[in-house]
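Visitor: So I've got this file, protein.pdb, and it contains PDB, C-alpha atoms:
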```pdb
ATOM      1  CA  MET A   1      19.051  68.793 -16.967  1.00  0.00           C
ATOM      2  CA  ILE A   2      21.690  66.490 -18.501  1.00  0.00           C
ATOM      3  CA  HIS A   3      21.546  68.207 -21.894  1.00  0.00           C
ATOM      4  CA  MET A   4      22.119  71.595 -20.221  1.00  0.00           C
ATOM      5  CA  VAL A   5      25.240  70.278 -18.469  1.00  0.00           C
ATOM      6  CA  LEU A   6      26.542  68.830 -21.720  1.00  0.00           C
ATOM      7  CA  GLU A   7      25.984  72.117 -23.551  1.00  0.00           C
ATOM      8  CA  ARG A   8      27.929  74.040 -20.890  1.00  0.00           C
ATOM      9  CA  LEU A   9      30.760  71.488 -20.983  1.00  0.00           C
ATOM     10  CA  LYS A  10      30.945  71.712 -24.763  1.00  0.00           C
ATOM     11  CA  MET A  11      31.120  75.499 -24.626  1.00  0.00           C
ATOM     12  CA  SER A  12      33.848  75.486 -21.964  1.00  0.00           C
ATOM     13  CA  LEU A  13      35.971  72.978 -23.906  1.00  0.00           C
ATOM     14  CA  SER A  14      35.577  74.883 -27.167  1.00  0.00           C
ATOM     15  CA  LYS A  15      36.715  78.235 -25.756  1.00  0.00           C
ATOM     16  CA  THR A  16      40.045  79.392 -27.161  1.00  0.00           C
ATOM     17  CA  ASP A  17      42.567  81.700 -25.503  1.00  0.00           C
ATOM     18  CA  THR A  18      41.197  84.456 -27.735  1.00  0.00           C
ATOM     19  CA  ASP A  19      37.674  83.885 -26.431  1.00  0.00           C
ATOM     20  CA  LEU A  20      38.888  83.999 -22.830  1.00  0.00           C
ATOM     21  CA  ASP A  21      40.865  87.195 -23.461  1.00  0.00           C
ATOM     22  CA  GLN A  22      37.794  88.836 -24.980  1.00  0.00           C
ATOM     23  CA  GLU A  23      35.605  87.750 -22.074  1.00  0.00           C
ATOM     24  CA  LYS A  24      38.099  89.191 -19.577  1.00  0.00           C
ATOM     25  CA  TYR A  25      38.266  92.455 -21.533  1.00  0.00           C
ATOM     26  CA  LEU A  26      34.462  92.757 -21.678  1.00  0.00           C
ATOM     27  CA  ARG A  27      34.062  92.152 -17.957  1.00  0.00           C
ATOM     28  CA  GLU A  28      36.698  94.764 -17.170  1.00  0.00           C
ATOM     29  CA  ALA A  29      34.896  97.213 -19.486  1.00  0.00           C
ATOM     30  CA  THR A  30      31.805  97.104 -17.242  1.00  0.00           C
ATOM     31  CA  ARG A  31      33.825  99.083 -14.679  1.00  0.00           C
ATOM     32  CA  HIS A  32      33.980 102.217 -16.832  1.00  0.00           C
ATOM     33  CA  PHE A  33      31.270 102.038 -19.516  1.00  0.00           C
ATOM     34  CA  TYR A  34      27.970 103.787 -18.788  1.00  0.00           C
ATOM     35  CA  GLY A  35      26.214 103.609 -22.174  1.00  0.00           C
ATOM     36  CA  ILE A  36      25.569 106.246 -24.825  1.00  0.00           C
ATOM     37  CA  GLU A  37      22.240 107.934 -25.563  1.00  0.00           C
ATOM     38  CA  LYS A  38      22.637 108.687 -29.291  1.00  0.00           C
ATOM     39  CA  PRO A  39      24.200 106.854 -32.253  1.00  0.00           C
ATOM     40  CA  LEU A  40      27.800 107.750 -33.041  1.00  0.00           C
ATOM     41  CA  LYS A  41      28.347 110.232 -35.867  1.00  0.00           C
ATOM     42  CA  TYR A  42      31.012 108.036 -37.448  1.00  0.00           C
ATOM     43  CA  GLY A  43      29.238 104.724 -36.867  1.00  0.00           C
ATOM     44  CA  PRO A  44      27.872 102.468 -39.619  1.00  0.00           C
ATOM     45  CA  SER A  45      24.176 102.451 -40.449  1.00  0.00           C
ATOM     46  CA  VAL A  46      22.028  99.411 -39.685  1.00  0.00           C
ATOM     47  CA  GLU A  47      19.026  98.897 -41.958  1.00  0.00           C
ATOM     48  CA  THR A  48      17.750  95.436 -41.006  1.00  0.00           C
ATOM     49  CA  LEU A  49      17.887  92.932 -38.157  1.00  0.00           C
ATOM     50  CA  ASN A  50      20.207  90.787 -40.257  1.00  0.00           C
ATOM     51  CA  ASP A  51      22.477  93.813 -40.782  1.00  0.00           C
ATOM     52  CA  LEU A  52      22.576  94.249 -37.022  1.00  0.00           C
ATOM     53  CA  ILE A  53      23.540  90.625 -36.441  1.00  0.00           C
ATOM     54  CA  GLN A  54      26.270  90.721 -39.075  1.00  0.00           C
ATOM     55  CA  ALA A  55      27.648  93.982 -37.688  1.00  0.00           C
ATOM     56  CA  LEU A  56      27.716  92.473 -34.199  1.00  0.00           C
ATOM     57  CA  TYR A  57      29.660  89.473 -35.460  1.00  0.00           C
ATOM     58  CA  ALA A  58      32.191  91.861 -36.991  1.00  0.00           C
ATOM     59  CA  GLU A  59      32.567  93.794 -33.730  1.00  0.00           C
ATOM     60  CA  PHE A  60      33.049  90.622 -31.699  1.00  0.00           C
ATOM     61  CA  SER A  61      35.641  89.203 -34.099  1.00  0.00           C
ATOM     62  CA  THR A  62      38.445  90.949 -32.188  1.00  0.00           C
ATOM     63  CA  ASN A  63      39.694  90.567 -28.625  1.00  0.00           C
ATOM     64  CA  TYR A  64      39.137  94.233 -27.873  1.00  0.00           C
ATOM     65  CA  VAL A  65      35.478  94.792 -28.574  1.00  0.00           C
ATOM     66  CA  ASN A  66      34.451  98.428 -29.006  1.00  0.00           C
ATOM     67  CA  ILE A  67      31.529  98.292 -26.579  1.00  0.00           C
ATOM     68  CA  GLU A  68      30.570 101.858 -27.534  1.00  0.00           C
ATOM     69  CA  MET A  69      30.155 100.686 -31.130  1.00  0.00           C
ATOM     70  CA  VAL A  70      27.982  97.790 -29.944  1.00  0.00           C
ATOM     71  CA  ASN A  71      25.797 100.367 -28.204  1.00  0.00           C
ATOM     72  CA  HIS A  72      25.723 102.404 -31.431  1.00  0.00           C
ATOM     73  CA  LEU A  73      24.537  99.390 -33.426  1.00  0.00           C
ATOM     74  CA  MET A  74      21.675  98.728 -31.014  1.00  0.00           C
ATOM     75  CA  LEU A  75      20.651 102.391 -31.201  1.00  0.00           C
ATOM     76  CA  SER A  76      20.888 102.491 -35.008  1.00  0.00           C
ATOM     77  CA  TYR A  77      18.584  99.557 -35.741  1.00  0.00           C
ATOM     78  CA  LYS A  78      14.956 100.611 -36.191  1.00  0.00           C
ATOM     79  CA  SER A  79      12.287  98.094 -35.297  1.00  0.00           C
ATOM     80  CA  ASN A  80      10.620  96.283 -38.184  1.00  0.00           C
ATOM     81  CA  PRO A  81       8.045  93.697 -37.017  1.00  0.00           C
ATOM     82  CA  LYS A  82       8.332  91.772 -40.290  1.00  0.00           C
ATOM     83  CA  GLU A  83      11.925  90.954 -39.344  1.00  0.00           C
ATOM     84  CA  TRP A  84      11.454  89.857 -35.736  1.00  0.00           C
ATOM     85  CA  GLN A  85       7.887  88.494 -35.549  1.00  0.00           C
ATOM     86  CA  LYS A  86       9.017  84.903 -36.103  1.00  0.00           C
ATOM     87  CA  PHE A  87      11.046  85.107 -32.876  1.00  0.00           C
ATOM     88  CA  ALA A  88       8.339  86.782 -30.780  1.00  0.00           C
ATOM     89  CA  LYS A  89       6.666  84.029 -28.751  1.00  0.00           C
ATOM     90  CA  PHE A  90       4.308  84.959 -25.912  1.00  0.00           C
ATOM     91  CA  ASP A  91       3.216  83.041 -22.846  1.00  0.00           C
ATOM     92  CA  ARG A  92      -0.090  83.724 -21.149  1.00  0.00           C
ATOM     93  CA  TYR A  93       1.333  83.822 -17.635  1.00  0.00           C
ATOM     94  CA  LYS A  94       4.860  85.276 -17.799  1.00  0.00           C
ATOM     95  CA  TYR A  95       7.296  87.086 -20.041  1.00  0.00           C
ATOM     96  CA  THR A  96       9.388  84.924 -22.373  1.00  0.00           C
ATOM     97  CA  ARG A  97      13.042  84.833 -23.437  1.00  0.00           C
ATOM     98  CA  ASN A  98      13.453  83.877 -27.105  1.00  0.00           C
ATOM     99  CA  LEU A  99      16.937  83.255 -28.486  1.00  0.00           C
ATOM    100  CA  VAL A 100      17.731  84.879 -31.837  1.00  0.00           C
ATOM    101  CA  ASP A 101      21.495  84.317 -32.127  1.00  0.00           C
ATOM    102  CA  THR A 102      24.253  82.884 -29.911  1.00  0.00           C
ATOM    103  CA  GLY A 103      26.978  85.064 -31.438  1.00  0.00           C
ATOM    104  CA  ASN A 104      29.428  82.144 -31.632  1.00  0.00           C
ATOM    105  CA  GLY A 105      29.408  82.055 -27.844  1.00  0.00           C
ATOM    106  CA  LYS A 106      30.588  85.668 -27.578  1.00  0.00           C
ATOM    107  CA  PHE A 107      27.198  87.346 -27.156  1.00  0.00           C
ATOM    108  CA  ASN A 108      23.545  86.404 -26.906  1.00  0.00           C
ATOM    109  CA  LEU A 109      20.871  88.259 -28.843  1.00  0.00           C
ATOM    110  CA  MET A 110      17.304  87.541 -27.788  1.00  0.00           C
ATOM    111  CA  ILE A 111      13.784  88.884 -27.959  1.00  0.00           C
ATOM    112  CA  LEU A 112      11.716  89.178 -24.791  1.00  0.00           C
ATOM    113  CA  CYS A 113       7.947  89.226 -25.038  1.00  0.00           C
ATOM    114  CA  TRP A 114       5.884  90.857 -22.326  1.00  0.00           C
ATOM    115  CA  GLY A 115       2.173  90.229 -21.972  1.00  0.00           C
ATOM    116  CA  GLU A 116      -0.106  92.734 -20.290  1.00  0.00           C
ATOM    117  CA  GLY A 117       1.103  93.314 -16.729  1.00  0.00           C
ATOM    118  CA  HIS A 118       4.112  90.993 -17.022  1.00  0.00           C
ATOM    119  CA  GLY A 119       7.351  91.920 -15.272  1.00  0.00           C
ATOM    120  CA  SER A 120      10.709  90.549 -14.224  1.00  0.00           C
ATOM    121  CA  THR A 121      12.106  90.207 -10.731  1.00  0.00           C
ATOM    122  CA  ILE A 122      14.892  92.517  -9.574  1.00  0.00           C
ATOM    123  CA  HIS A 123      18.083  91.005 -10.962  1.00  0.00           C
ATOM    124  CA  ASP A 124      21.754  91.505 -11.783  1.00  0.00           C
ATOM    125  CA  HIS A 125      23.605  90.640 -15.007  1.00  0.00           C
ATOM    126  CA  SER A 126      26.420  88.339 -13.867  1.00  0.00           C
ATOM    127  CA  ASP A 127      29.140  90.926 -14.514  1.00  0.00           C
ATOM    128  CA  SER A 128      28.124  91.293 -18.178  1.00  0.00           C
ATOM    129  CA  HIS A 129      26.901  94.112 -20.408  1.00  0.00           C
ATOM    130  CA  CYS A 130      23.141  94.331 -21.000  1.00  0.00           C
ATOM    131  CA  PHE A 131      21.577  96.331 -23.837  1.00  0.00           C
ATOM    132  CA  MET A 132      17.786  96.475 -24.095  1.00  0.00           C
ATOM    133  CA  LYS A 133      15.986  97.972 -27.108  1.00  0.00           C
ATOM    134  CA  MET A 134      12.244  98.500 -27.468  1.00  0.00           C
ATOM    135  CA  LEU A 135      10.730  96.870 -30.543  1.00  0.00           C
ATOM    136  CA  LYS A 136       7.061  97.307 -29.634  1.00  0.00           C
ATOM    137  CA  GLY A 137       5.032  98.977 -26.895  1.00  0.00           C
ATOM    138  CA  GLU A 138       6.452 100.444 -23.698  1.00  0.00           C
ATOM    139  CA  LEU A 139       8.297  99.072 -20.682  1.00  0.00           C
ATOM    140  CA  ARG A 140       9.138 100.618 -17.342  1.00  0.00           C
ATOM    141  CA  GLU A 141      12.647 100.066 -15.986  1.00  0.00           C
ATOM    142  CA  ILE A 142      13.241 100.534 -12.256  1.00  0.00           C
ATOM    143  CA  ARG A 143      16.838 100.599 -11.024  1.00  0.00           C
ATOM    144  CA  TYR A 144      18.218  99.762  -7.607  1.00  0.00           C
ATOM    145  CA  ALA A 145      21.612 100.236  -5.998  1.00  0.00           C
ATOM    146  CA  MET A 146      23.706  97.088  -5.756  1.00  0.00           C
ATOM    147  CA  PRO A 147      23.508  95.950  -2.105  1.00  0.00           C
ATOM    148  CA  HIS A 148      26.759  95.956  -0.138  1.00  0.00           C
ATOM    149  CA  THR A 149      25.900  92.671   1.531  1.00  0.00           C
ATOM    150  CA  THR A 150      24.369  89.577  -0.009  1.00  0.00           C
ATOM    151  CA  THR A 151      22.559  86.518   1.244  1.00  0.00           C
ATOM    152  CA  PRO A 152      23.722  82.937   0.717  1.00  0.00           C
ATOM    153  CA  ASP A 153      23.068  81.722  -2.814  1.00  0.00           C
ATOM    154  CA  VAL A 154      20.151  79.339  -3.288  1.00  0.00           C
ATOM    155  CA  ALA A 155      20.182  77.613  -6.661  1.00  0.00           C
ATOM    156  CA  VAL A 156      16.920  77.414  -8.574  1.00  0.00           C
ATOM    157  CA  GLU A 157      16.046  76.921 -12.203  1.00  0.00           C
ATOM    158  CA  GLY A 158      13.735  78.776 -14.540  1.00  0.00           C
ATOM    159  CA  ASN A 159      12.641  82.208 -15.730  1.00  0.00           C
ATOM    160  CA  THR A 160      13.317  85.075 -13.324  1.00  0.00           C
ATOM    161  CA  SER A 161       9.636  86.005 -13.596  1.00  0.00           C
ATOM    162  CA  ASN A 162       8.636  83.041 -11.428  1.00  0.00           C
ATOM    163  CA  THR A 163      11.719  82.303  -9.345  1.00  0.00           C
ATOM    164  CA  THR A 164      10.998  81.121  -5.815  1.00  0.00           C
ATOM    165  CA  SER A 165      13.089  79.846  -2.919  1.00  0.00           C
ATOM    166  CA  THR A 166      12.215  76.987  -0.607  1.00  0.00           C
ATOM    167  CA  GLU A 167      14.681  78.159   2.044  1.00  0.00           C
ATOM    168  CA  SER A 168      12.965  79.428   5.188  1.00  0.00           C
ATOM    169  CA  ASP A 169      16.039  80.657   7.047  1.00  0.00           C
ATOM    170  CA  LEU A 170      17.798  82.936   4.553  1.00  0.00           C
ATOM    171  CA  GLU A 171      19.796  85.727   6.129  1.00  0.00           C
ATOM    172  CA  ARG A 172      17.933  89.039   5.947  1.00  0.00           C
ATOM    173  CA  HIS A 173      19.360  92.422   4.987  1.00  0.00           C
ATOM    174  CA  GLU A 174      18.100  95.935   4.435  1.00  0.00           C
ATOM    175  CA  SER A 175      15.657  96.674   1.634  1.00  0.00           C
ATOM    176  CA  LEU A 176      17.031  97.682  -1.751  1.00  0.00           C
ATOM    177  CA  ASP A 177      17.387 101.381  -2.528  1.00  0.00           C
ATOM    178  CA  GLU A 178      15.620 102.577  -5.675  1.00  0.00           C
ATOM    179  CA  ILE A 179      17.887 104.936  -7.630  1.00  0.00           C
ATOM    180  CA  GLY A 180      15.720 105.761 -10.651  1.00  0.00           C
ATOM    181  CA  GLN A 181      13.164 104.684 -13.196  1.00  0.00           C
ATOM    182  CA  ARG A 182      12.256 105.393 -16.787  1.00  0.00           C
ATOM    183  CA  THR A 183       9.665 104.500 -19.381  1.00  0.00           C
ATOM    184  CA  MET A 184      11.072 103.044 -22.584  1.00  0.00           C
ATOM    185  CA  SER A 185       9.246 103.619 -25.866  1.00  0.00           C
ATOM    186  CA  LEU A 186       9.708 102.371 -29.433  1.00  0.00           C
ATOM    187  CA  ASN A 187      13.405 102.167 -30.468  1.00  0.00           C
ATOM    188  CA  ASP A 188      14.710 103.444 -27.113  1.00  0.00           C
ATOM    189  CA  VAL A 189      17.806 101.640 -25.799  1.00  0.00           C
ATOM    190  CA  ALA A 190      18.762 101.141 -22.151  1.00  0.00           C
ATOM    191  CA  TYR A 191      22.128  99.935 -20.897  1.00  0.00           C
ATOM    192  CA  ILE A 192      23.045  98.443 -17.538  1.00  0.00           C
ATOM    193  CA  ASN A 193      25.785  96.412 -15.888  1.00  0.00           C
ATOM    194  CA  ASP A 194      26.387  95.354 -12.290  1.00  0.00           C
ATOM    195  CA  ASN A 195      28.570  98.389 -11.652  1.00  0.00           C
ATOM    196  CA  LEU A 196      25.501 100.552 -12.358  1.00  0.00           C
ATOM    197  CA  GLY A 197      23.167  98.496 -10.213  1.00  0.00           C
ATOM    198  CA  LEU A 198      20.211  96.115 -10.457  1.00  0.00           C
ATOM    199  CA  HIS A 199      16.955  96.557 -12.314  1.00  0.00           C
ATOM    200  CA  ARG A 200      13.422  95.312 -12.734  1.00  0.00           C
ATOM    201  CA  VAL A 201      11.524  95.617 -16.030  1.00  0.00           C
ATOM    202  CA  GLU A 202       7.750  95.545 -16.381  1.00  0.00           C
ATOM    203  CA  ASN A 203       4.948  96.092 -18.853  1.00  0.00           C
ATOM    204  CA  THR A 204       2.549  98.296 -16.919  1.00  0.00           C
ATOM    205  CA  SER A 205      -0.103  98.262 -19.640  1.00  0.00           C
ATOM    206  CA  HIS A 206      -3.254  96.208 -19.104  1.00  0.00           C
ATOM    207  CA  SER A 207      -4.210  96.336 -22.784  1.00  0.00           C
ATOM    208  CA  ASP A 208      -1.006  96.250 -24.867  1.00  0.00           C
ATOM    209  CA  THR A 209       1.848  93.772 -25.161  1.00  0.00           C
ATOM    210  CA  ALA A 210       5.490  94.788 -25.459  1.00  0.00           C
ATOM    211  CA  VAL A 211       8.536  93.336 -27.219  1.00  0.00           C
ATOM    212  CA  SER A 212      12.185  94.124 -26.499  1.00  0.00           C
ATOM    213  CA  LEU A 213      15.519  93.123 -28.050  1.00  0.00           C
ATOM    214  CA  HIS A 214      18.327  92.245 -25.613  1.00  0.00           C
ATOM    215  CA  LEU A 215      22.046  91.768 -26.130  1.00  0.00           C
ATOM    216  CA  TYR A 216      24.199  90.251 -23.385  1.00  0.00           C
ATOM    217  CA  CYS A 217      27.980  90.052 -23.571  1.00  0.00           C
ATOM    218  CA  PRO A 218      29.643  87.918 -22.432  1.00  0.00           C
ATOM    219  CA  PRO A 219      26.619  85.599 -22.525  1.00  0.00           C
ATOM    220  CA  PHE A 220      25.483  84.031 -19.265  1.00  0.00           C
ATOM    221  CA  ASP A 221      23.007  81.356 -18.220  1.00  0.00           C
ATOM    222  CA  SER A 222      22.490  82.311 -14.579  1.00  0.00           C
ATOM    223  CA  CYS A 223      22.035  85.466 -12.550  1.00  0.00           C
ATOM    224  CA  SER A 224      21.030  86.595  -9.066  1.00  0.00           C
ATOM    225  CA  VAL A 225      17.527  87.839  -8.296  1.00  0.00           C
ATOM    226  CA  PHE A 226      16.722  89.975  -5.271  1.00  0.00           C
ATOM    227  CA  GLU A 227      13.763  90.489  -2.965  1.00  0.00           C
ATOM    228  CA  LYS A 228      13.130  94.235  -2.613  1.00  0.00           C
ATOM    229  CA  ASN A 229      12.146  94.453   1.041  1.00  0.00           C
ATOM    230  CA  SER A 230      14.615  92.000   2.569  1.00  0.00           C
ATOM    231  CA  GLY A 231      17.555  92.111   0.152  1.00  0.00           C
ATOM    232  CA  GLN A 232      17.516  88.310  -0.092  1.00  0.00           C
ATOM    233  CA  ARG A 233      19.459  87.011  -3.072  1.00  0.00           C
ATOM    234  CA  VAL A 234      18.628  83.852  -5.000  1.00  0.00           C
ATOM    235  CA  LYS A 235      20.729  82.300  -7.759  1.00  0.00           C
ATOM    236  CA  CYS A 236      18.617  81.594 -10.850  1.00  0.00           C
ATOM    237  CA  THR A 237      19.350  79.484 -13.930  1.00  0.00           C
ATOM    238  CA  MET A 238      18.073  81.203 -17.079  1.00  0.00           C
ATOM    239  CA  THR A 239      16.083  79.308 -19.697  1.00  0.00           C
ATOM    240  CA  PHE A 240      14.699  80.085 -23.155  1.00  0.00           C
ATOM    241  CA  TRP A 241      11.051  79.796 -24.135  1.00  0.00           C
ATOM    242  CA  SER A 242      12.160  79.353 -27.748  1.00  0.00           C
ATOM    243  CA  LYS A 243      15.334  79.173 -29.834  1.00  0.00           C
ATOM    244  CA  TYR A 244      15.456  80.474 -33.414  1.00  0.00           C
ATOM    245  CA  GLY A 245      11.673  80.636 -33.501  1.00  0.00           C
ATOM    246  CA  GLN A 246      11.072  77.098 -32.234  1.00  0.00           C
ATOM    247  CA  LYS A 247       9.605  76.229 -28.807  1.00  0.00           C
ATOM    248  CA  VAL A 248      12.086  74.630 -26.432  1.00  0.00           C
ATOM    249  CA  THR A 249      10.946  71.539 -24.540  1.00  0.00           C
ATOM    250  CA  TYR A 250      12.859  70.816 -21.339  1.00  0.00           C
ATOM    251  CA  GLY A 251      13.010  67.621 -19.346  1.00  0.00           C
ATOM    252  CA  LYS A 252      13.208  65.268 -22.299  1.00  0.00           C
TER     253      LYS A 252
END
```
Here is the file; what I need is its structure written in the form of structure tokens.
Guide:
Amino acid sequence: MIHMVLERLKMSLSKTDTDLDQEKYLREATRHFYGIEKPLKYGPSVETLNDLIQALYAEFSTNYVNIEMVNHLMLSYKSNPKEWQKFAKFDRYKYTRNLVDTGNGKFNLMILCWGEGHGSTIHDHSDSHCFMKMLKGELREIRYAMPHTTTPDVAVEGNTSNTTSTESDLERHESLDEIGQRTMSLNDVAYINDNLGLHRVENTSHSDTAVSLHLYCPPFDSCSVFEKNSGQRVKCTMTFWSKYGQKVTYGK
């Protein structure tokens, strides 16, 4: 717990005015960006995962990030297991979040690994942009309208796949409204932000695993998860199963 606090403090102290301006710009951009479905005609090509990372660093080197170009880069990269296998770490009981690159604190790029039947809770994205690209298998994304009312925050720690609350008297609200769903296949890219709603992601297969590449900007280490039938909201601290291909051990 202490090392997590120290990491956050270090990041907050190291932020420059430029970083803060970029973060403000990105959060404002969630109000009017809805994602693009095809790569841009004038956009650069991305051949490898390393090319993607370098191109992302270039895009985030300015205060005014072209979020449409970031979307283009995620669409342009074509999955190559030889490039991402070292980051793909599975857990028997739940999906895993595996950090690939911190983007100098301006974005987080990670690989999520989904075992058979694994799924996330319904969650938001802390007023950030979320891009999700399929690297292997298929995932189903279910979207919900952002509720107009929220419950008191209850802080918990861990992966959103196993978040629980010990509160017995949380205020109850109406159930969440489903607004759509889709099945994502190899190299498909989905985009969401809080202005577009909440979502839940799941691997519905009972025989095949799935792997997805996620980019979050600005990066965040906590989000809210929601209970479908009651609308209860719980604040969740996000953790990584691995960083740069190495298992993370917490509590030491």
Visitor: Could you pull out every residue with an atom within 12 Å of (22.5, 104.8, -25.1), file coordinates, counting all atoms listed in the file, and send them as a list in words?
Guide: Phe33, Tyr34, Gly35, Ile36, Glu37, Lys38, Pro39, Leu40, Ile67, Glu68, Met69, Val70, Asn71, His72, Leu73, Met74, Leu75, Ser76, Cys130, Phe131, Met132, Lys133, Met184, Asn187, Asp188, Val189, Ala190, Tyr191 and Ile192 of chain A
Visitor: Compare A:Asp194, A:Glu141, A:Asp124, A:Glu178 by their minimum atom-to-atom distance to Val225 in chain A, counting all atoms listed in the file, and give me the closest one.
Guide: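 Distance minimum relative to Val225 in chain A lands on A:Asp124.
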Visitor: Just checking: using only C-alpha atoms, which residue out of A:Asp127, A:Glu138, A:Glu174, A:Asp208 ends up closest to Ser224 in chain A?
Guide: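 Of all the options, A:Asp127 lies closest to Ser224 in chain A.
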Visitor: Care to translate the PyMOL selection byres ((chain A and resi 207) around 9) into actual residues of this file, as a ChimeraX atom specification?
Guide: /A:115-117,205-206,208-209
Visitor: Would you translate the PyMOL selection byres ((chain A and resi 95) around 12) into the concrete set of residues it matches in this file, as number ranges by chain?
Guide: A: 88-94, 96-98, 111-121, 158-162, 201-203, 209-212, 239-242
Visitor: Provide the CA of Lys41 in chain A to CA of Leu26 in chain A distance in Å, to one decimal place.
Guide: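 Value for the CA of Lys41 in chain A-CA of Leu26 in chain A distance: 23.3 Å.
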Visitor: Would you list the residues near (19.1, 99.1, -12.4) (no more than 7 Å away, in the coordinates of the file, using all atoms listed in the file) as JSON, numbers by chain?
Guide: {"A": [142, 143, 144, 145, 192, 196, 197, 198, 199, 200]}
Visitor: Which one of A:Leu176, A:Leu20, A:Met134, A:Leu213 sits closest to Asn63 in chain A if you count all atoms listed in the file?
Guide: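 Ranked by minimum distance to Asn63 in chain A, first place goes to A:Leu20.
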Visitor: Which is closest to Glu47 in chain A among A:Arg182, A:Lys78, A:His32, A:Lys24, if we use only C-alpha atoms?
Guide: A:Lys78
Visitor: Using all atoms listed in the file for the distances, tell me which of A:Pro218, A:Gly43, A:Gly137, A:Gly103 is nearest to Ala29 in chain A.
Guide: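 Between A:Pro218, A:Gly43, A:Gly137, A:Gly103, the residue approaching Ala29 in chain A most closely is A:Pro218.
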Visitor: What does the distance between CA of Asn108 in chain A and CA of Tyr216 in chain A come to in Å, to one decimal place?
Guide: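 For CA of Asn108 in chain A relative to CA of Tyr216 in chain A, the distance reads 5.3 Å.
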Visitor: I'd like to know which of A:Ser79, A:Thr237, A:Ser185, A:Thr102 is closest to Leu135 in chain A, using all atoms listed in the file.
Guide: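 Among the listed residues, A:Ser79 lies closest to Leu135 in chain A.
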Visitor: One decimal, Å: what's the distance from CA of Val100 in chain A over to CA of Leu52 in chain A, could you say?
Guide: 11.8 Å
Visitor: Selection in question (the file shown): the PyMOL selection byres ((chain A and resi 228) around 8). Which residues does it include, as number ranges by chain?
Guide: A: 122, 175-176, 226-227, 229-232
Visitor: Report, as lines of an AutoDock Vina configuration file, the centre and edge lengths in Å (one decimal) of the axis-aligned box enclosing every listed atom of range 112-116 of chain A, padded by 3 Å on each side.
Guide:
```
center_x = 5.8
center_y = 91.0
center_z = -22.7
size_x = 17.8
size_y = 9.6
size_z = 10.7
```
